[in-house]
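Structure file final-v8.cif (mmCIF, N, CA and C atoms) is printed below.
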data_coords
#
loop_
_atom_site.group_PDB
_atom_site.id
_atom_site.type_symbol
_atom_site.label_atom_id
_atom_site.label_comp_id
_atom_site.auth_asym_id
_atom_site.auth_seq_id
_atom_site.Cartn_x
_atom_site.Cartn_y
_atom_site.Cartn_z
ATOM 1 N N MET D 30 21.710 4.897 -9.075
ATOM 2 C CA MET D 30 20.636 4.756 -8.116
ATOM 3 C C MET D 30 19.463 4.060 -8.800
ATOM 4 N N ASN D 31 18.947 3.022 -8.187
ATOM 5 C CA ASN D 31 17.792 2.304 -8.721
ATOM 6 C C ASN D 31 16.510 3.034 -8.362
ATOM 7 N N SER D 32 15.553 2.987 -9.270
ATOM 8 C CA SER D 32 14.226 3.507 -8.979
ATOM 9 C C SER D 32 13.205 2.572 -9.593
ATOM 10 N N ARG D 33 11.986 2.650 -9.082
ATOM 11 C CA ARG D 33 10.884 1.851 -9.607
ATOM 12 C C ARG D 33 9.712 2.770 -9.846
ATOM 13 N N SER D 34 8.957 2.468 -10.891
ATOM 14 C CA SER D 34 7.780 3.264 -11.240
ATOM 15 C C SER D 34 6.575 2.352 -11.376
ATOM 16 N N PHE D 35 5.430 2.855 -10.957
ATOM 17 C CA PHE D 35 4.189 2.095 -11.020
ATOM 18 C C PHE D 35 3.075 2.993 -11.534
ATOM 19 N N ALA D 36 2.137 2.419 -12.286
ATOM 20 C CA ALA D 36 0.929 3.111 -12.725
ATOM 21 C C ALA D 36 -0.243 2.514 -11.956
ATOM 22 N N PHE D 37 -1.068 3.364 -11.395
ATOM 23 C CA PHE D 37 -2.258 2.926 -10.664
ATOM 24 C C PHE D 37 -3.445 3.020 -11.615
ATOM 25 N N ILE D 38 -4.203 1.935 -11.734
ATOM 26 C CA ILE D 38 -5.241 1.822 -12.746
ATOM 27 C C ILE D 38 -6.558 1.432 -12.092
ATOM 28 N N VAL D 39 -7.622 2.103 -12.488
ATOM 29 C CA VAL D 39 -8.974 1.757 -12.055
ATOM 30 C C VAL D 39 -9.829 1.634 -13.310
ATOM 31 N N GLU D 40 -10.467 0.500 -13.465
ATOM 32 C CA GLU D 40 -11.334 0.234 -14.610
ATOM 33 C C GLU D 40 -10.636 0.554 -15.933
ATOM 34 N N GLY D 41 -9.359 0.198 -16.027
ATOM 35 C CA GLY D 41 -8.604 0.364 -17.253
ATOM 36 C C GLY D 41 -7.972 1.725 -17.455
ATOM 37 N N ASP D 42 -8.257 2.698 -16.594
ATOM 38 C CA ASP D 42 -7.714 4.045 -16.732
ATOM 39 C C ASP D 42 -6.626 4.309 -15.698
ATOM 40 N N VAL D 43 -5.526 4.901 -16.140
ATOM 41 C CA VAL D 43 -4.453 5.303 -15.223
ATOM 42 C C VAL D 43 -4.924 6.547 -14.476
ATOM 43 N N PHE D 44 -4.911 6.480 -13.140
ATOM 44 C CA PHE D 44 -5.308 7.638 -12.363
ATOM 45 C C PHE D 44 -4.138 8.285 -11.634
ATOM 46 N N MET D 45 -2.997 7.586 -11.559
ATOM 47 C CA MET D 45 -1.843 8.142 -10.863
ATOM 48 C C MET D 45 -0.622 7.298 -11.196
ATOM 49 N N THR D 46 0.542 7.930 -11.198
ATOM 50 C CA THR D 46 1.793 7.188 -11.297
ATOM 51 C C THR D 46 2.637 7.520 -10.078
ATOM 52 N N LEU D 47 3.511 6.615 -9.725
ATOM 53 C CA LEU D 47 4.368 6.787 -8.558
ATOM 54 C C LEU D 47 5.751 6.266 -8.905
ATOM 55 N N THR D 48 6.761 7.093 -8.690
ATOM 56 C CA THR D 48 8.152 6.695 -8.884
ATOM 57 C C THR D 48 8.903 7.013 -7.608
ATOM 58 N N PHE D 49 9.698 6.078 -7.132
ATOM 59 C CA PHE D 49 10.511 6.317 -5.947
ATOM 60 C C PHE D 49 11.830 5.608 -6.124
ATOM 61 N N ASN D 50 12.837 6.061 -5.388
ATOM 62 C CA ASN D 50 14.168 5.478 -5.552
ATOM 63 C C ASN D 50 14.590 4.728 -4.299
ATOM 64 N N GLU D 51 15.700 4.041 -4.439
ATOM 65 C CA GLU D 51 16.152 3.156 -3.367
ATOM 66 C C GLU D 51 16.592 3.883 -2.104
ATOM 67 N N THR D 52 16.698 5.199 -2.141
ATOM 68 C CA THR D 52 17.043 5.931 -0.923
ATOM 69 C C THR D 52 15.836 6.106 -0.003
ATOM 70 N N SER D 53 14.647 5.786 -0.514
ATOM 71 C CA SER D 53 13.450 5.875 0.311
ATOM 72 C C SER D 53 13.522 4.844 1.431
ATOM 73 N N PRO D 54 13.164 5.230 2.660
ATOM 74 C CA PRO D 54 13.231 4.269 3.773
ATOM 75 C C PRO D 54 12.241 3.115 3.629
ATOM 76 N N VAL D 55 11.243 3.239 2.762
ATOM 77 C CA VAL D 55 10.270 2.169 2.567
ATOM 78 C C VAL D 55 10.370 1.565 1.169
ATOM 79 N N TYR D 56 11.511 1.723 0.519
ATOM 80 C CA TYR D 56 11.691 1.271 -0.864
ATOM 81 C C TYR D 56 11.302 -0.197 -1.048
ATOM 82 N N ASP D 57 11.855 -1.094 -0.268
ATOM 83 C CA ASP D 57 11.569 -2.524 -0.427
ATOM 84 C C ASP D 57 10.105 -2.835 -0.157
ATOM 85 N N ARG D 58 9.577 -2.322 0.936
ATOM 86 C CA ARG D 58 8.189 -2.602 1.312
ATOM 87 C C ARG D 58 7.219 -2.051 0.267
ATOM 88 N N LEU D 59 7.439 -0.803 -0.172
ATOM 89 C CA LEU D 59 6.556 -0.189 -1.147
ATOM 90 C C LEU D 59 6.698 -0.850 -2.515
ATOM 91 N N SER D 60 7.913 -1.190 -2.914
ATOM 92 C CA SER D 60 8.129 -1.879 -4.187
ATOM 93 C C SER D 60 7.385 -3.210 -4.220
ATOM 94 N N ASN D 61 7.545 -3.995 -3.179
ATOM 95 C CA ASN D 61 6.887 -5.297 -3.116
ATOM 96 C C ASN D 61 5.369 -5.163 -3.094
ATOM 97 N N ALA D 62 4.860 -4.215 -2.349
ATOM 98 C CA ALA D 62 3.413 -4.023 -2.265
ATOM 99 C C ALA D 62 2.835 -3.616 -3.616
ATOM 100 N N CYS D 63 3.453 -2.649 -4.269
ATOM 101 C CA CYS D 63 2.929 -2.175 -5.552
ATOM 102 C C CYS D 63 3.006 -3.247 -6.630
ATOM 103 N N ALA D 64 3.972 -4.116 -6.555
ATOM 104 C CA ALA D 64 4.146 -5.153 -7.562
ATOM 105 C C ALA D 64 3.210 -6.347 -7.355
ATOM 106 N N ASN D 65 2.431 -6.348 -6.281
ATOM 107 C CA ASN D 65 1.587 -7.492 -5.949
ATOM 108 C C ASN D 65 0.099 -7.163 -5.896
ATOM 109 N N ASN D 66 -0.345 -6.289 -6.765
ATOM 110 C CA ASN D 66 -1.776 -5.956 -6.871
ATOM 111 C C ASN D 66 -2.414 -5.649 -5.514
ATOM 112 N N PRO D 67 -2.019 -4.575 -4.884
ATOM 113 C CA PRO D 67 -2.547 -4.280 -3.542
ATOM 114 C C PRO D 67 -4.039 -3.983 -3.541
ATOM 115 N N ILE D 68 -4.677 -4.269 -2.428
ATOM 116 C CA ILE D 68 -6.064 -3.888 -2.176
ATOM 117 C C ILE D 68 -6.009 -2.573 -1.418
ATOM 118 N N ILE D 69 -6.814 -1.614 -1.824
ATOM 119 C CA ILE D 69 -6.827 -0.308 -1.163
ATOM 120 C C ILE D 69 -8.183 -0.119 -0.508
ATOM 121 N N ILE D 70 -8.175 0.126 0.786
ATOM 122 C CA ILE D 70 -9.392 0.292 1.582
ATOM 123 C C ILE D 70 -9.402 1.709 2.143
ATOM 124 N N GLU D 71 -10.470 2.452 1.908
ATOM 125 C CA GLU D 71 -10.572 3.778 2.515
ATOM 126 C C GLU D 71 -10.826 3.620 4.007
ATOM 127 N N THR D 72 -10.060 4.346 4.817
ATOM 128 C CA THR D 72 -10.179 4.243 6.273
ATOM 129 C C THR D 72 -10.624 5.556 6.909
ATOM 130 N N THR D 73 -11.060 6.500 6.099
ATOM 131 C CA THR D 73 -11.439 7.822 6.592
ATOM 132 C C THR D 73 -12.433 7.763 7.738
ATOM 133 N N ASP D 74 -13.485 7.002 7.589
ATOM 134 C CA ASP D 74 -14.567 6.989 8.564
ATOM 135 C C ASP D 74 -14.544 5.809 9.523
ATOM 136 N N LEU D 75 -13.450 5.071 9.549
ATOM 137 C CA LEU D 75 -13.355 3.949 10.478
ATOM 138 C C LEU D 75 -12.983 4.442 11.871
ATOM 139 N N ASN D 76 -13.356 3.696 12.862
ATOM 140 C CA ASN D 76 -13.022 4.062 14.243
ATOM 141 C C ASN D 76 -11.674 3.507 14.667
ATOM 142 N N ILE D 77 -10.903 2.983 13.722
ATOM 143 C CA ILE D 77 -9.571 2.475 13.999
ATOM 144 C C ILE D 77 -8.592 3.084 13.016
ATOM 145 N N ASP D 78 -7.336 2.997 13.329
ATOM 146 C CA ASP D 78 -6.284 3.533 12.481
ATOM 147 C C ASP D 78 -5.284 2.411 12.200
ATOM 148 N N PRO D 79 -5.549 1.588 11.183
ATOM 149 C CA PRO D 79 -4.661 0.454 10.923
ATOM 150 C C PRO D 79 -3.245 0.900 10.599
ATOM 151 N N LYS D 80 -2.290 0.124 10.995
ATOM 152 C CA LYS D 80 -0.866 0.434 10.816
ATOM 153 C C LYS D 80 -0.169 -0.692 10.076
ATOM 154 N N TYR D 81 1.078 -0.449 9.690
ATOM 155 C CA TYR D 81 1.917 -1.482 9.089
ATOM 156 C C TYR D 81 1.986 -2.666 10.049
ATOM 157 N N GLY D 82 1.791 -3.845 9.542
ATOM 158 C CA GLY D 82 1.826 -5.040 10.365
ATOM 159 C C GLY D 82 0.449 -5.560 10.745
ATOM 160 N N TRP D 83 -0.606 -4.771 10.519
ATOM 161 C CA TRP D 83 -1.960 -5.250 10.748
ATOM 162 C C TRP D 83 -2.365 -6.139 9.582
ATOM 163 N N ALA D 84 -3.470 -6.857 9.717
ATOM 164 C CA ALA D 84 -3.973 -7.726 8.657
ATOM 165 C C ALA D 84 -5.387 -7.292 8.263
ATOM 166 N N TRP D 85 -5.797 -7.685 7.074
ATOM 167 C CA TRP D 85 -7.145 -7.448 6.560
ATOM 168 C C TRP D 85 -7.757 -8.807 6.258
ATOM 169 N N ASP D 86 -8.902 -9.135 6.844
ATOM 170 C CA ASP D 86 -9.509 -10.450 6.639
ATOM 171 C C ASP D 86 -10.595 -10.446 5.559
ATOM 172 N N GLY D 87 -10.707 -9.347 4.844
ATOM 173 C CA GLY D 87 -11.732 -9.214 3.809
ATOM 174 C C GLY D 87 -12.920 -8.406 4.269
ATOM 175 N N ALA D 88 -13.009 -8.172 5.573
ATOM 176 C CA ALA D 88 -14.125 -7.389 6.128
ATOM 177 C C ALA D 88 -13.657 -6.410 7.209
ATOM 178 N N THR D 89 -12.645 -6.778 7.974
ATOM 179 C CA THR D 89 -12.166 -5.927 9.063
ATOM 180 C C THR D 89 -10.642 -5.981 9.159
ATOM 181 N N PHE D 90 -10.106 -4.973 9.826
ATOM 182 C CA PHE D 90 -8.667 -4.938 10.112
ATOM 183 C C PHE D 90 -8.404 -5.649 11.429
ATOM 184 N N ILE D 91 -7.281 -6.337 11.500
ATOM 185 C CA ILE D 91 -6.923 -7.084 12.700
ATOM 186 C C ILE D 91 -5.531 -6.639 13.150
ATOM 187 N N ASN D 92 -5.447 -6.200 14.384
ATOM 188 C CA ASN D 92 -4.152 -5.823 14.972
ATOM 189 C C ASN D 92 -3.457 -7.104 15.422
ATOM 190 N N LEU D 93 -2.343 -7.399 14.769
ATOM 191 C CA LEU D 93 -1.618 -8.633 15.081
ATOM 192 C C LEU D 93 -0.626 -8.453 16.213
ATOM 193 N N GLY D 94 -0.749 -7.322 16.909
ATOM 194 C CA GLY D 94 0.093 -7.093 18.080
ATOM 195 C C GLY D 94 1.407 -6.411 17.762
ATOM 196 N N SER D 95 1.542 -5.890 16.538
ATOM 197 C CA SER D 95 2.797 -5.229 16.170
ATOM 198 C C SER D 95 2.903 -3.841 16.780
ATOM 199 N N GLU D 96 1.778 -3.271 17.191
ATOM 200 C CA GLU D 96 1.790 -1.946 17.830
ATOM 201 C C GLU D 96 0.899 -1.928 19.040
#
Using structure tokens, write down the structure that the file contains.
Amino acid sequence: MNSRSFAFIVEGDVFMTLTFNETSPVYDRLSNACANNPIIIETTDLNIDPKYGWAWDGATFINLGSE
């Protein structure tokens, strides 16, 4: 069984690690995202709930009609 591991780093410090295997239903999507320096935006206080398939333009989330 294949697995992938990633270290999450902020200002040079590891704050979390994540390992998942190919049996995960989001294995490909999560593997590709983690390997491409993702941007993480806190959405706690937003009046929207962005989903998979939405876009980020650098300032706001855009629903591309996937949901």
**Asked** What are the DSSP strand (DSSP E) residues of chain D, as a list in words?
**Response**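 Of chain D, the ones in strand (DSSP E) are Ser32, Arg33, Ser34, Phe35, Ala36, Phe37, Ile38, Val39, Asp42, Val43, Phe44, Met45, Thr46, Leu47, Thr48, Phe49, Asn50, Ala84, Trp85, Phe90 and Ile91 of chain D.
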Explicit residues for the PyMOL selection byres ((chain D and resi 50-62) around 7) (as a compact mmCIF listing (two decimals) with N, CA and C atoms, in the coordinates of the input):
# COMPACT_ATOMS: atom_id res chain seq x y z
N MET D 30 21.71 4.90 -9.07
CA MET D 30 20.64 4.76 -8.12
C MET D 30 19.46 4.06 -8.80
N ASN D 31 18.95 3.02 -8.19
CA ASN D 31 17.79 2.30 -8.72
C ASN D 31 16.51 3.03 -8.36
N SER D 32 15.55 2.99 -9.27
CA SER D 32 14.23 3.51 -8.98
C SER D 32 13.20 2.57 -9.59
N ARG D 33 11.99 2.65 -9.08
CA ARG D 33 10.88 1.85 -9.61
C ARG D 33 9.71 2.77 -9.85
N THR D 48 6.76 7.09 -8.69
CA THR D 48 8.15 6.70 -8.88
C THR D 48 8.90 7.01 -7.61
N PHE D 49 9.70 6.08 -7.13
CA PHE D 49 10.51 6.32 -5.95
C PHE D 49 11.83 5.61 -6.12
N CYS D 63 3.45 -2.65 -4.27
CA CYS D 63 2.93 -2.17 -5.55
C CYS D 63 3.01 -3.25 -6.63
N ALA D 64 3.97 -4.12 -6.56
CA ALA D 64 4.15 -5.15 -7.56
C ALA D 64 3.21 -6.35 -7.36
N ASN D 65 2.43 -6.35 -6.28
CA ASN D 65 1.59 -7.49 -5.95
C ASN D 65 0.10 -7.16 -5.90
N ASN D 66 -0.34 -6.29 -6.76
CA ASN D 66 -1.78 -5.96 -6.87
C ASN D 66 -2.41 -5.65 -5.51
N PRO D 67 -2.02 -4.58 -4.88
CA PRO D 67 -2.55 -4.28 -3.54
C PRO D 67 -4.04 -3.98 -3.54
**Request:** Could you pull out the residues in chain D that DSSP calls helix (DSSP H, G or I) from the backbone, as JSON, numbers by chain?
**Result:** {"D": [56, 57, 58, 59, 60, 61, 62, 63]}
Emit as lines of an AutoDock Vina configuration file the padded axis-aligned box for all listed atoms of segment 79-92 of chain D, 3 Å per side, with centre and edge lengths in Å to one decimal.
center_x = -6.1
center_y = -4.4
center_z = 9.6
size_x = 22.1
size_y = 18.0
size_z = 17.6
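The gap separating atom C of Ser34 of chain D from atom C of Thr46 of chain D is 6.6 Å, in Å to one decimal.
If you look at atom C of Ile68 of chain D and atom C of Ile38 of chain D, they are 11.4 Å away from each other.
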**Message:** I'd like to see the residues matched by the PyMOL selection byres (((chain D and resi 79-84 and name CA) around 12) and name CA) on this file, and ideally I'd get them as a list in words.
**Reply:** Val55, Arg58, Leu59, Ala62, Ile68, Ile70, Glu71, Thr72, Thr73, Leu75, Asn76, Ile77, Asp78, Trp85, Asp86, Gly87, Ala88, Thr89, Phe90, Ile91, Asn92, Leu93, Gly94, Ser95 and Glu96 of chain D
From the coordinates I just gave you, please extract segment 43-84 of chain D so that only N, CA and C atoms remain, then output it as a compact mmCIF listing (two decimals), in the first residue's frame.
# COMPACT_ATOMS: atom_id res chain seq x y z
N VAL D 43 8.18 23.24 11.90
CA VAL D 43 7.16 22.23 11.61
C VAL D 43 6.08 22.34 12.68
N PHE D 44 4.83 22.53 12.25
CA PHE D 44 3.74 22.61 13.20
C PHE D 44 2.82 21.39 13.15
N MET D 45 2.94 20.58 12.09
CA MET D 45 2.08 19.41 11.97
C MET D 45 2.63 18.52 10.87
N THR D 46 2.41 17.22 11.01
CA THR D 46 2.71 16.29 9.92
C THR D 46 1.42 15.55 9.57
N LEU D 47 1.35 15.10 8.34
CA LEU D 47 0.16 14.39 7.86
C LEU D 47 0.62 13.24 6.99
N THR D 48 0.14 12.04 7.30
CA THR D 48 0.42 10.86 6.49
C THR D 48 -0.91 10.22 6.14
N PHE D 49 -1.10 9.86 4.89
CA PHE D 49 -2.31 9.18 4.48
C PHE D 49 -1.96 8.17 3.41
N ASN D 50 -2.82 7.17 3.25
CA ASN D 50 -2.51 6.11 2.29
C ASN D 50 -3.49 6.14 1.12
N GLU D 51 -3.17 5.32 0.14
CA GLU D 51 -3.93 5.35 -1.11
C GLU D 51 -5.36 4.86 -0.97
N THR D 52 -5.73 4.30 0.17
CA THR D 52 -7.12 3.89 0.35
C THR D 52 -8.03 5.08 0.69
N SER D 53 -7.41 6.23 0.99
CA SER D 53 -8.20 7.42 1.27
C SER D 53 -8.95 7.85 0.02
N PRO D 54 -10.23 8.22 0.15
CA PRO D 54 -10.99 8.63 -1.04
C PRO D 54 -10.48 9.92 -1.66
N VAL D 55 -9.67 10.70 -0.95
CA VAL D 55 -9.14 11.94 -1.49
C VAL D 55 -7.62 11.87 -1.67
N TYR D 56 -7.08 10.67 -1.77
CA TYR D 56 -5.63 10.47 -1.85
C TYR D 56 -4.99 11.31 -2.96
N ASP D 57 -5.47 11.20 -4.18
CA ASP D 57 -4.88 11.94 -5.30
C ASP D 57 -5.00 13.44 -5.12
N ARG D 58 -6.19 13.90 -4.77
CA ARG D 58 -6.43 15.34 -4.62
C ARG D 58 -5.58 15.91 -3.49
N LEU D 59 -5.55 15.23 -2.34
CA LEU D 59 -4.79 15.71 -1.20
C LEU D 59 -3.29 15.62 -1.46
N SER D 60 -2.84 14.56 -2.09
CA SER D 60 -1.42 14.42 -2.43
C SER D 60 -0.96 15.56 -3.33
N ASN D 61 -1.72 15.82 -4.38
CA ASN D 61 -1.36 16.88 -5.31
C ASN D 61 -1.39 18.25 -4.64
N ALA D 62 -2.38 18.50 -3.82
CA ALA D 62 -2.48 19.80 -3.15
C ALA D 62 -1.31 20.02 -2.20
N CYS D 63 -1.00 19.02 -1.38
CA CYS D 63 0.09 19.18 -0.42
C CYS D 63 1.44 19.33 -1.10
N ALA D 64 1.61 18.74 -2.24
CA ALA D 64 2.89 18.80 -2.95
C ALA D 64 3.08 20.10 -3.72
N ASN D 65 2.07 20.97 -3.74
CA ASN D 65 2.13 22.19 -4.54
C ASN D 65 2.01 23.47 -3.72
N ASN D 66 2.58 23.47 -2.54
CA ASN D 66 2.61 24.68 -1.69
C ASN D 66 1.24 25.34 -1.56
N PRO D 67 0.30 24.69 -0.93
CA PRO D 67 -1.05 25.26 -0.85
C PRO D 67 -1.11 26.55 -0.04
N ILE D 68 -2.07 27.39 -0.37
CA ILE D 68 -2.40 28.58 0.40
C ILE D 68 -3.52 28.18 1.34
N ILE D 69 -3.41 28.55 2.60
CA ILE D 69 -4.44 28.21 3.58
C ILE D 69 -5.09 29.49 4.06
N ILE D 70 -6.40 29.57 3.92
CA ILE D 70 -7.18 30.75 4.29
C ILE D 70 -8.15 30.35 5.39
N GLU D 71 -8.13 31.06 6.51
CA GLU D 71 -9.11 30.79 7.55
C GLU D 71 -10.48 31.27 7.09
N THR D 72 -11.49 30.42 7.23
CA THR D 72 -12.84 30.76 6.78
C THR D 72 -13.84 30.81 7.93
N THR D 73 -13.34 30.79 9.15
CA THR D 73 -14.21 30.75 10.33
C THR D 73 -15.26 31.85 10.32
N ASP D 74 -14.86 33.07 10.07
CA ASP D 74 -15.76 34.21 10.18
C ASP D 74 -16.31 34.72 8.86
N LEU D 75 -16.14 33.95 7.80
CA LEU D 75 -16.68 34.37 6.51
C LEU D 75 -18.16 34.04 6.42
N ASN D 76 -18.87 34.77 5.62
CA ASN D 76 -20.30 34.52 5.44
C ASN D 76 -20.56 33.51 4.34
N ILE D 77 -19.52 32.85 3.85
CA ILE D 77 -19.66 31.81 2.84
C ILE D 77 -18.93 30.57 3.30
N ASP D 78 -19.23 29.47 2.67
CA ASP D 78 -18.61 28.19 3.00
C ASP D 78 -18.02 27.61 1.72
N PRO D 79 -16.80 28.00 1.37
CA PRO D 79 -16.22 27.53 0.11
C PRO D 79 -16.08 26.01 0.08
N LYS D 80 -16.24 25.44 -1.07
CA LYS D 80 -16.20 23.99 -1.26
C LYS D 80 -15.17 23.62 -2.31
N TYR D 81 -14.90 22.33 -2.45
CA TYR D 81 -14.03 21.82 -3.50
C TYR D 81 -14.58 22.29 -4.85
N GLY D 82 -13.73 22.80 -5.68
CA GLY D 82 -14.15 23.29 -6.99
C GLY D 82 -14.32 24.79 -7.05
N TRP D 83 -14.33 25.48 -5.90
CA TRP D 83 -14.37 26.93 -5.90
C TRP D 83 -12.97 27.46 -6.22
N ALA D 84 -12.86 28.75 -6.49
CA ALA D 84 -11.57 29.37 -6.78
C ALA D 84 -11.30 30.49 -5.77
